[in-house]
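Colleague: Sharing data18.csv (CSV, C-alpha atoms) below.
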```
chain,number,residue,atom,x,y,z
A,1,MET,CA,-42.5,-7.9,6.3
A,2,ASP,CA,-45.4,-6.8,8.5
A,3,LEU,CA,-46.4,-9.7,10.7
A,4,GLY,CA,-49.7,-8.2,11.6
A,5,ILE,CA,-49.2,-8.1,15.4
A,6,ARG,CA,-48.6,-4.4,16.0
A,7,GLY,CA,-50.5,-3.4,19.2
A,8,ARG,CA,-50.6,-7.0,20.5
A,9,THR,CA,-49.3,-7.7,24.0
A,10,ALA,CA,-46.7,-10.4,24.9
A,11,ILE,CA,-45.4,-11.9,28.0
A,12,VAL,CA,-41.8,-13.1,27.3
A,13,CYS,CA,-40.4,-15.2,30.1
A,14,ALA,CA,-36.7,-14.9,31.2
A,15,SER,CA,-36.3,-12.0,28.7
A,16,THR,CA,-33.6,-9.8,30.3
A,17,SER,CA,-30.9,-11.8,28.4
A,18,GLY,CA,-30.1,-14.6,26.0
A,19,LEU,CA,-32.8,-16.1,23.9
A,20,GLY,CA,-35.7,-14.6,25.8
A,21,ARG,CA,-34.3,-11.1,25.2
A,22,ALA,CA,-33.8,-11.9,21.5
A,23,CYS,CA,-37.4,-13.0,21.2
A,24,ALA,CA,-38.6,-9.9,23.1
A,25,GLU,CA,-36.6,-7.6,20.7
A,26,ALA,CA,-38.0,-9.3,17.6
A,27,LEU,CA,-41.5,-8.8,18.9
A,28,ALA,CA,-40.9,-5.2,19.9
A,29,ALA,CA,-39.6,-4.6,16.4
A,30,GLU,CA,-43.1,-5.6,15.2
A,31,GLY,CA,-44.7,-3.1,17.5
A,32,VAL,CA,-45.8,-5.5,20.2
A,33,THR,CA,-46.3,-4.3,23.8
A,34,LEU,CA,-44.0,-6.2,26.1
A,35,VAL,CA,-44.0,-7.7,29.6
A,36,ILE,CA,-40.3,-8.3,30.3
A,37,ASN,CA,-39.5,-10.9,33.0
A,38,GLY,CA,-36.4,-11.4,35.1
A,39,ARG,CA,-35.5,-12.4,38.6
A,40,SER,CA,-34.1,-8.9,39.5
A,41,THR,CA,-36.4,-5.9,39.8
A,42,ASP,CA,-33.7,-3.5,38.6
A,43,THR,CA,-32.6,-5.7,35.6
A,44,ALA,CA,-36.2,-6.3,34.5
A,45,ALA,CA,-37.0,-2.6,34.7
A,46,GLN,CA,-33.8,-1.6,32.9
A,47,THR,CA,-34.4,-4.1,30.1
A,48,ALA,CA,-38.0,-2.8,29.7
A,49,LYS,CA,-36.8,0.7,29.5
A,50,GLU,CA,-34.2,-0.2,26.9
A,51,MET,CA,-36.9,-1.9,24.8
A,52,ALA,CA,-39.2,1.0,25.0
A,53,ASP,CA,-36.5,3.5,24.1
A,54,ARG,CA,-35.2,1.5,21.2
A,55,PHE,CA,-38.4,0.3,19.6
A,56,GLY,CA,-41.0,2.9,20.7
A,57,VAL,CA,-43.3,0.4,22.4
A,58,ASP,CA,-44.8,0.1,25.8
A,59,ALA,CA,-42.7,-2.3,28.0
A,60,LEU,CA,-43.2,-3.3,31.6
A,61,GLY,CA,-40.5,-5.1,33.7
A,62,VAL,CA,-41.7,-7.7,36.1
A,63,ALA,CA,-39.4,-9.4,38.6
A,64,ALA,CA,-40.6,-13.0,39.1
A,65,ASP,CA,-39.0,-16.4,39.7
A,66,LEU,CA,-40.7,-18.7,37.2
A,67,ASN,CA,-39.9,-21.7,39.4
A,68,ASP,CA,-42.1,-20.3,42.2
A,69,ALA,CA,-45.9,-20.4,42.1
A,70,GLU,CA,-46.0,-16.9,43.6
A,71,GLY,CA,-43.6,-15.6,41.0
A,72,ARG,CA,-45.7,-17.0,38.1
A,73,ALA,CA,-48.9,-15.6,39.6
A,74,ARG,CA,-47.2,-12.2,39.9
A,75,LEU,CA,-46.2,-12.3,36.3
A,76,VAL,CA,-49.6,-13.2,34.9
A,77,GLY,CA,-51.2,-10.8,37.4
A,78,MET,CA,-49.4,-7.9,35.7
A,79,CYS,CA,-50.7,-9.0,32.3
A,80,PRO,CA,-53.7,-11.3,32.7
A,81,ASP,CA,-54.8,-11.1,29.0
A,82,PRO,CA,-51.7,-11.4,26.8
A,83,ASP,CA,-52.1,-12.2,23.1
A,84,ILE,CA,-48.7,-13.9,23.0
A,85,LEU,CA,-46.8,-16.0,25.6
A,86,VAL,CA,-43.2,-17.0,25.1
A,87,THR,CA,-42.2,-19.5,27.8
A,88,ASN,CA,-38.5,-19.8,28.6
A,89,ASN,CA,-36.4,-20.7,31.6
A,90,ALA,CA,-32.8,-21.6,32.4
A,91,GLY,CA,-32.0,-25.2,31.7
A,92,PRO,CA,-30.6,-27.7,34.1
A,93,PRO,CA,-26.8,-28.0,34.4
A,94,PRO,CA,-25.1,-30.8,32.4
A,95,ALA,CA,-24.4,-34.0,34.5
A,96,GLY,CA,-23.7,-37.6,34.0
A,97,PHE,CA,-26.9,-39.7,34.2
A,98,LEU,CA,-25.7,-41.6,37.3
A,99,ASP,CA,-24.9,-38.3,39.1
A,100,VAL,CA,-28.5,-36.9,38.7
A,101,ASP,CA,-30.3,-37.3,42.1
A,102,ALA,CA,-33.9,-37.0,42.9
A,103,ALA,CA,-33.7,-33.3,43.7
A,104,ALA,CA,-32.1,-32.5,40.3
A,105,TRP,CA,-34.9,-34.4,38.5
A,106,GLN,CA,-37.5,-32.5,40.4
A,107,ALA,CA,-35.8,-29.2,39.8
A,108,ALA,CA,-35.6,-29.8,36.0
A,109,LEU,CA,-39.3,-30.8,35.8
A,110,GLN,CA,-40.3,-27.7,37.8
A,111,ALA,CA,-38.2,-25.3,35.8
A,112,ASN,CA,-38.6,-26.7,32.3
A,113,MET,CA,-41.9,-28.4,32.2
A,114,LEU,CA,-44.3,-27.6,35.0
A,115,SER,CA,-43.7,-23.8,35.1
A,116,ALA,CA,-44.5,-23.5,31.4
A,117,ILE,CA,-47.5,-25.7,31.6
A,118,GLU,CA,-49.0,-23.6,34.5
A,119,LEU,CA,-48.3,-20.3,32.6
A,120,VAL,CA,-50.1,-21.7,29.6
A,121,GLN,CA,-53.0,-22.9,31.8
A,122,ALA,CA,-53.3,-19.3,33.1
A,123,VAL,CA,-53.5,-17.5,29.8
A,124,LEU,CA,-55.1,-20.0,27.5
A,125,PRO,CA,-58.8,-19.5,28.4
A,126,GLY,CA,-58.7,-15.8,27.7
A,127,MET,CA,-56.9,-16.4,24.4
A,128,ARG,CA,-59.6,-18.8,23.3
A,129,VAL,CA,-62.4,-16.3,24.2
A,130,ARG,CA,-60.7,-13.5,22.3
A,131,ARG,CA,-60.0,-15.9,19.4
A,132,PHE,CA,-56.3,-15.0,19.1
A,133,GLY,CA,-53.3,-16.5,20.9
A,134,ARG,CA,-49.8,-17.4,20.0
A,135,ILE,CA,-47.8,-19.5,22.5
A,136,VAL,CA,-44.2,-20.3,21.8
A,137,ASN,CA,-42.1,-22.5,24.1
A,138,ILE,CA,-38.4,-22.3,23.9
A,139,THR,CA,-37.3,-25.9,24.6
A,140,SER,CA,-34.2,-27.6,23.3
A,141,ALA,CA,-32.7,-29.7,20.6
A,142,MET,CA,-32.5,-32.4,23.3
A,143,VAL,CA,-36.2,-33.2,22.6
A,144,LYS,CA,-35.1,-34.8,19.3
A,145,THR,CA,-31.4,-35.5,19.9
A,146,PRO,CA,-31.0,-36.6,23.5
A,147,HIS,CA,-27.6,-36.5,25.1
A,148,ALA,CA,-26.4,-38.6,28.0
A,149,PHE,CA,-25.1,-35.5,29.9
A,150,MET,CA,-28.4,-33.7,29.5
A,151,THR,CA,-31.0,-36.2,30.7
A,152,PRO,CA,-32.8,-33.9,33.1
A,153,SER,CA,-33.3,-31.5,30.2
A,154,VAL,CA,-34.4,-34.3,27.9
A,155,ALA,CA,-37.0,-35.5,30.5
A,156,ALA,CA,-38.5,-32.1,31.2
A,157,ARG,CA,-38.5,-30.7,27.6
A,158,ALA,CA,-39.9,-33.9,26.1
A,159,GLY,CA,-42.7,-34.0,28.7
A,160,LEU,CA,-43.6,-30.4,27.9
A,161,THR,CA,-43.5,-31.1,24.2
A,162,GLY,CA,-46.0,-34.0,24.6
A,163,VAL,CA,-48.4,-31.9,26.6
A,164,MET,CA,-48.3,-29.0,24.3
A,165,LYS,CA,-48.9,-31.2,21.2
A,166,ALA,CA,-52.1,-32.5,22.8
A,167,VAL,CA,-53.3,-29.1,23.8
A,168,ALA,CA,-52.4,-27.5,20.4
A,169,ARG,CA,-54.9,-29.8,18.7
A,170,ASP,CA,-57.6,-28.8,21.1
A,171,VAL,CA,-57.3,-25.0,20.8
A,172,VAL,CA,-56.3,-24.3,17.2
A,173,SER,CA,-60.0,-24.0,16.1
A,174,ASP,CA,-60.1,-20.8,18.3
A,175,ASN,CA,-57.1,-19.3,16.5
A,176,VAL,CA,-54.7,-20.2,19.3
A,177,THR,CA,-51.5,-21.8,18.2
A,178,ILE,CA,-48.8,-23.6,20.3
A,179,ASN,CA,-45.4,-24.2,18.9
A,180,ASN,CA,-41.9,-25.0,20.2
A,181,LEU,CA,-38.5,-23.6,19.3
A,182,LEU,CA,-35.7,-26.2,19.5
A,183,PRO,CA,-32.4,-24.2,19.6
A,184,GLU,CA,-29.0,-25.8,19.4
A,185,ARG,CA,-25.5,-24.3,19.4
A,186,ILE,CA,-26.7,-20.8,19.8
A,187,ASP,CA,-24.1,-18.3,20.9
A,188,THR,CA,-25.4,-17.5,24.4
A,189,GLY,CA,-24.3,-18.1,28.0
A,190,ARG,CA,-25.8,-21.6,27.9
A,191,GLN,CA,-23.4,-22.5,25.0
A,192,ARG,CA,-20.5,-21.1,26.9
A,193,GLN,CA,-21.5,-23.4,29.8
A,194,MET,CA,-21.3,-26.4,27.5
A,195,ALA,CA,-17.9,-25.2,26.2
A,196,GLU,CA,-16.6,-24.8,29.7
A,197,LEU,CA,-17.7,-28.3,30.4
A,198,ALA,CA,-15.6,-29.6,27.6
A,199,VAL,CA,-12.7,-27.6,28.9
A,200,ALA,CA,-13.1,-29.2,32.4
A,201,ILE,CA,-13.5,-32.7,31.1
A,202,ARG,CA,-11.0,-32.8,28.3
A,203,GLY,CA,-8.4,-30.2,29.3
A,204,ILE,CA,-8.7,-28.2,26.1
A,205,THR,CA,-8.9,-24.4,25.8
A,206,LEU,CA,-12.1,-22.5,25.5
A,207,GLU,CA,-11.2,-21.4,22.0
A,208,GLU,CA,-10.6,-25.0,21.0
A,209,ALA,CA,-14.0,-26.0,22.6
A,210,TYR,CA,-15.8,-23.4,20.6
A,211,ALA,CA,-14.0,-24.4,17.4
A,212,GLU,CA,-15.0,-28.0,17.9
A,213,ILE,CA,-18.6,-27.0,18.5
A,214,ALA,CA,-18.7,-25.0,15.3
A,215,ALA,CA,-17.1,-27.9,13.4
A,216,THR,CA,-20.1,-30.1,14.2
A,217,ILE,CA,-22.5,-27.7,12.6
A,218,PRO,CA,-23.1,-27.8,8.8
A,219,ALA,CA,-23.5,-24.0,8.8
A,220,GLY,CA,-19.9,-23.8,10.2
A,221,ARG,CA,-20.8,-21.4,13.0
A,222,LEU,CA,-22.9,-21.0,16.1
A,223,GLY,CA,-26.4,-19.6,15.7
A,224,ARG,CA,-27.1,-16.0,16.6
A,225,PRO,CA,-29.7,-15.1,19.3
A,226,GLU,CA,-31.5,-12.8,16.8
A,227,GLU,CA,-32.1,-15.7,14.5
A,228,VAL,CA,-34.0,-17.4,17.2
A,229,GLY,CA,-35.9,-14.2,17.9
A,230,ALA,CA,-36.9,-13.9,14.2
A,231,ALA,CA,-38.3,-17.4,14.2
A,232,CYS,CA,-40.2,-16.7,17.4
A,233,ALA,CA,-41.8,-13.6,15.8
A,234,PHE,CA,-42.8,-15.5,12.7
A,235,LEU,CA,-44.6,-18.1,14.9
A,236,CYS,CA,-46.5,-15.3,16.6
A,237,ALA,CA,-47.6,-13.7,13.3
A,238,GLU,CA,-51.2,-13.0,12.4
A,239,GLY,CA,-50.7,-15.2,9.4
A,240,SER,CA,-49.3,-18.2,11.3
A,241,GLY,CA,-52.7,-19.4,12.5
A,242,TYR,CA,-52.5,-22.6,10.5
A,243,LEU,CA,-49.1,-23.6,11.9
A,244,THR,CA,-49.4,-25.3,15.3
A,245,GLY,CA,-48.1,-28.3,17.3
A,246,GLN,CA,-44.7,-28.0,15.6
A,247,ASN,CA,-41.1,-28.3,16.8
A,248,LEU,CA,-39.0,-25.8,14.8
A,249,GLN,CA,-35.3,-26.8,15.0
A,250,LEU,CA,-32.7,-23.9,14.9
A,251,ASP,CA,-29.5,-25.8,14.6
A,252,GLY,CA,-27.6,-24.8,11.4
A,253,GLY,CA,-28.5,-28.2,9.9
A,254,ALA,CA,-27.1,-30.3,12.7
A,255,TYR,CA,-30.0,-32.6,13.1
A,256,GLU,CA,-29.4,-35.7,10.8
A,257,GLY,CA,-32.9,-37.2,11.0
A,258,LEU,CA,-35.6,-37.0,8.3
A,259,VAL,CA,-38.5,-35.9,10.5
```
Output the structure of this file as structure tokens.

Modeller:
Amino acid sequence: MDLGIRGRTAIVCASTSGLGRACAEALAAEGVTLVINGRSTDTAAQTAKEMADRFGVDALGVAADLNDAEGRARLVGMCPDPDILVTNNAGPPPAGFLDVDAAAWQAALQANMLSAIELVQAVLPGMRVRRFGRIVNITSAMVKTPHAFMTPSVAARAGLTGVMKAVARDVVSDNVTINNLLPERIDTGRQRQMAELAVAIRGITLEEAYAEIAATIPAGRLGRPEEVGAACAFLCAEGSGYLTGQNLQLDGGAYEGLV
């Protein structure tokens, strides 16, 4: 299926590994020019080269810390007029609610709410003028199914979701859409972190932890990063202009609610 975005340009945040990389690969497969982002200059450049060689697209690696205003400015400065923006950043570590101090709350808000908001603010005016824009925020299932050990993530992601819903309604008439991906139980380093937490708390093996995680999912397995990438590419399609302000859950059927 041709998504109609060949030749478009995308900034994909935190895209040297994990879900960010999966989204970048899915867009590259559609012929999208990429700006790859990571904290390491060498890693970003190497990932960009791999994308260019594999998919035959132009790809630029930009080293930038998304938690830093200078880093965000550098990233946008290398591609001031993207057609697509995929925001993504490492989530806060799991912690009991009473163990979360003021610094941890501030760090979570900066990494998983404010950084994305400021990137959207930077690229949104140009998208509206050009009458095409696709913004996808990789958030978390914690937005709809909060967990007591993930409260900093809940706070930051839910805040971002609220802001993006309001903005999405305001810009869709200019063919700019804003949607969120809510992954859960995807087989990435983040899921390994959660499995290792279970090992530390309960004294089980890593294999047992993974088996228990899979048993909670109706699909009977963890999700694959490329499945998240495919969903991201769909939201960025030319034909997705009537789909905005939504939270797309990628959880193998784990969410038990109706809406």

Colleague: For a test of reading the model, state the distance in Å between atom CA of Val123 of chain A and atom CA of Ala10 of chain A, rounded to one decimal.

Modeller: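 Atom CA of Val123 of chain A sits 11.0 Å away from atom CA of Ala10 of chain A.
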
Colleague: Give me, as a ChimeraX atom specification, all polymer residues having an atom no more than 10 Å from Met142 of chain A, counting only C-alpha atoms and skipping those fewer than 6 positions away in the same chain.

Modeller: /A:148,150-158,182-184

Colleague: Convert the current residue selection to file output with C-alpha atoms, as an mmCIF file, keeping the file's coordinate frame.

Modeller:
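See selection.cif below for the written result:
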```cif
data_model
loop_
_atom_site.group_PDB
_atom_site.id
_atom_site.type_symbol
_atom_site.label_atom_id
_atom_site.label_comp_id
_atom_site.auth_asym_id
_atom_site.auth_seq_id
_atom_site.Cartn_x
_atom_site.Cartn_y
_atom_site.Cartn_z
ATOM 1 C CA ALA A 148 -26.400 -38.600 28.000
ATOM 2 C CA MET A 150 -28.400 -33.700 29.500
ATOM 3 C CA THR A 151 -31.000 -36.200 30.700
ATOM 4 C CA PRO A 152 -32.800 -33.900 33.100
ATOM 5 C CA SER A 153 -33.300 -31.500 30.200
ATOM 6 C CA VAL A 154 -34.400 -34.300 27.900
ATOM 7 C CA ALA A 155 -37.000 -35.500 30.500
ATOM 8 C CA ALA A 156 -38.500 -32.100 31.200
ATOM 9 C CA ARG A 157 -38.500 -30.700 27.600
ATOM 10 C CA ALA A 158 -39.900 -33.900 26.100
ATOM 11 C CA LEU A 182 -35.700 -26.200 19.500
ATOM 12 C CA PRO A 183 -32.400 -24.200 19.600
ATOM 13 C CA GLU A 184 -29.000 -25.800 19.400
#
```

Colleague: Restricting the calculation to all atoms listed in the file, which member of A:Gly38, A:Leu98, A:Asn175, A:Gly162 is positioned closest to Glu238 of chain A?

Modeller: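 Residue with the minimum atom-to-atom distance to Glu238 of chain A: A:Asn175.
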
Colleague: In Å, how far is it from atom CA of Gln246 of chain A to atom CA of Asn179 of chain A?

Modeller: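 Between atom CA of Gln246 of chain A and atom CA of Asn179 of chain A the gap is 5.1 Å.
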
Colleague: Between atom CA of Ala209 of chain A and atom CA of Ile186 of chain A, measure the distance and give it in Å to one decimal.

Modeller: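 It comes out at 14.0 Å.
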
Colleague: Write out as a PyMOL selection string the residues lying within 8 Å of Pro82 of chain A, counting all atoms listed in the file and excluding same-chain residues fewer than 2 positions away.

Modeller: chain A and resi 8-11+79-80+84-85+123+127+133

Colleague: Closest to Leu160 of chain A among A:Glu50, A:Asp251, A:Glu118, A:Asp83, using all atoms listed in the file?

Modeller: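 Going through A:Glu50, A:Asp251, A:Glu118, A:Asp83 one by one, the smallest distance to Leu160 of chain A is for A:Glu118.
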
Colleague: Rank nothing, just name the residue among A:Thr33, A:Thr87, A:Ser15, A:Gln46 nearest to Asn137 of chain A, using all atoms listed in the file.

Modeller: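 Of the candidates, the smallest distance to Asn137 of chain A is held by A:Thr87.
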
Colleague: Find the residues around Ile217 of chain A up to 7 Å (all atoms listed in the file counted), leave out those fewer than 6 positions away in its own chain, and share them as a ChimeraX atom specification.

Modeller: /A:252-254

Colleague: Store the residues picked out above in a file with C-alpha atoms, as a short mmCIF file (atom, residue, chain, number, x, y, z; two decimals), keeping the file's coordinate frame.

Modeller:
```cif
data_model
loop_
_atom_site.label_atom_id
_atom_site.label_comp_id
_atom_site.auth_asym_id
_atom_site.auth_seq_id
_atom_site.Cartn_x
_atom_site.Cartn_y
_atom_site.Cartn_z
CA GLY A 252 -27.60 -24.80 11.40
CA GLY A 253 -28.50 -28.20 9.90
CA ALA A 254 -27.10 -30.30 12.70
#
```

Colleague: Under the rule that all atoms listed in the file are counted, which of A:Gly56, A:Thr216, A:Leu222, A:Val167 is the nearest residue to Arg192 of chain A?

Modeller: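 Of the candidates, the smallest distance to Arg192 of chain A is held by A:Leu222.
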
Colleague: Considering all atoms listed in the file, return as a PDB file with C-alpha atoms, in the coordinates of the input whatever protein or nucleic-acid residues lie within 10 Å of segment 74-76 of chain A, sequence-local ones (same chain, fewer than 4 positions apart) excluded.

Modeller:
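Full text of result.pdb as output:
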```pdb
ATOM      1  CA  ILE A  11     -45.400 -11.900  28.000  1.00  0.00           C
ATOM      2  CA  CYS A  13     -40.400 -15.200  30.100  1.00  0.00           C
ATOM      3  CA  VAL A  35     -44.000  -7.700  29.600  1.00  0.00           C
ATOM      4  CA  ILE A  36     -40.300  -8.300  30.300  1.00  0.00           C
ATOM      5  CA  ASN A  37     -39.500 -10.900  33.000  1.00  0.00           C
ATOM      6  CA  GLY A  38     -36.400 -11.400  35.100  1.00  0.00           C
ATOM      7  CA  GLY A  61     -40.500  -5.100  33.700  1.00  0.00           C
ATOM      8  CA  VAL A  62     -41.700  -7.700  36.100  1.00  0.00           C
ATOM      9  CA  ALA A  63     -39.400  -9.400  38.600  1.00  0.00           C
ATOM     10  CA  ALA A  64     -40.600 -13.000  39.100  1.00  0.00           C
ATOM     11  CA  ASP A  65     -39.000 -16.400  39.700  1.00  0.00           C
ATOM     12  CA  LEU A  66     -40.700 -18.700  37.200  1.00  0.00           C
ATOM     13  CA  ASP A  68     -42.100 -20.300  42.200  1.00  0.00           C
ATOM     14  CA  ALA A  69     -45.900 -20.400  42.100  1.00  0.00           C
ATOM     15  CA  GLU A  70     -46.000 -16.900  43.600  1.00  0.00           C
ATOM     16  CA  PRO A  80     -53.700 -11.300  32.700  1.00  0.00           C
ATOM     17  CA  ASP A  81     -54.800 -11.100  29.000  1.00  0.00           C
ATOM     18  CA  PRO A  82     -51.700 -11.400  26.800  1.00  0.00           C
ATOM     19  CA  LEU A 119     -48.300 -20.300  32.600  1.00  0.00           C
ATOM     20  CA  ALA A 122     -53.300 -19.300  33.100  1.00  0.00           C
ATOM     21  CA  VAL A 123     -53.500 -17.500  29.800  1.00  0.00           C
TER      22      VAL A 123
END
```

Colleague: Could you check which of A:Asp58, A:Val176, A:Arg130, A:Thr47 is closest to Ala22 of chain A, using all atoms listed in the file?

Modeller: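 Looking at the shortest contact to Ala22 of chain A, the residue is A:Thr47.
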
Colleague: Since the input has fewer atoms than a full residue there, write segment 218-230 of chain A out with N, CA and C atoms, as an mmCIF file, in the coordinates of the input.

Modeller:
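Produced file out.cif, reproduced below:
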```
data_model
loop_
_atom_site.group_PDB
_atom_site.id
_atom_site.type_symbol
_atom_site.label_atom_id
_atom_site.label_comp_id
_atom_site.auth_asym_id
_atom_site.auth_seq_id
_atom_site.Cartn_x
_atom_site.Cartn_y
_atom_site.Cartn_z
ATOM 1 N N PRO A 218 -23.225 -28.027 10.232
ATOM 2 C CA PRO A 218 -23.100 -27.800 8.800
ATOM 3 C C PRO A 218 -22.946 -26.358 8.392
ATOM 4 N N ALA A 219 -23.597 -25.457 9.117
ATOM 5 C CA ALA A 219 -23.500 -24.000 8.800
ATOM 6 C C ALA A 219 -22.094 -23.487 9.111
ATOM 7 N N GLY A 220 -21.286 -24.227 9.876
ATOM 8 C CA GLY A 220 -19.900 -23.800 10.200
ATOM 9 C C GLY A 220 -19.785 -22.740 11.209
ATOM 10 N N ARG A 221 -20.835 -22.486 11.960
ATOM 11 C CA ARG A 221 -20.800 -21.400 13.000
ATOM 12 C C ARG A 221 -21.893 -21.684 14.001
ATOM 13 N N LEU A 222 -21.802 -20.969 15.120
ATOM 14 C CA LEU A 222 -22.900 -21.000 16.100
ATOM 15 C C LEU A 222 -24.034 -20.113 15.597
ATOM 16 N N GLY A 223 -25.224 -20.422 16.049
ATOM 17 C CA GLY A 223 -26.400 -19.600 15.700
ATOM 18 C C GLY A 223 -26.341 -18.296 16.504
ATOM 19 N N ARG A 224 -27.023 -17.299 15.971
ATOM 20 C CA ARG A 224 -27.100 -16.000 16.600
ATOM 21 C C ARG A 224 -28.455 -15.877 17.345
ATOM 22 N N PRO A 225 -28.482 -15.293 18.532
ATOM 23 C CA PRO A 225 -29.700 -15.100 19.300
ATOM 24 C C PRO A 225 -30.834 -14.469 18.436
ATOM 25 N N GLU A 226 -30.459 -13.484 17.628
ATOM 26 C CA GLU A 226 -31.500 -12.800 16.800
ATOM 27 C C GLU A 226 -32.126 -13.667 15.802
ATOM 28 N N GLU A 227 -31.449 -14.737 15.402
ATOM 29 C CA GLU A 227 -32.100 -15.700 14.500
ATOM 30 C C GLU A 227 -33.177 -16.469 15.177
ATOM 31 N N VAL A 228 -32.982 -16.771 16.439
ATOM 32 C CA VAL A 228 -34.000 -17.400 17.200
ATOM 33 C C VAL A 228 -35.198 -16.435 17.416
ATOM 34 N N GLY A 229 -34.872 -15.172 17.685
ATOM 35 C CA GLY A 229 -35.900 -14.200 17.900
ATOM 36 C C GLY A 229 -36.766 -14.012 16.612
ATOM 37 N N ALA A 230 -36.144 -14.016 15.447
ATOM 38 C CA ALA A 230 -36.900 -13.900 14.200
ATOM 39 C C ALA A 230 -37.846 -15.042 13.998
#
```
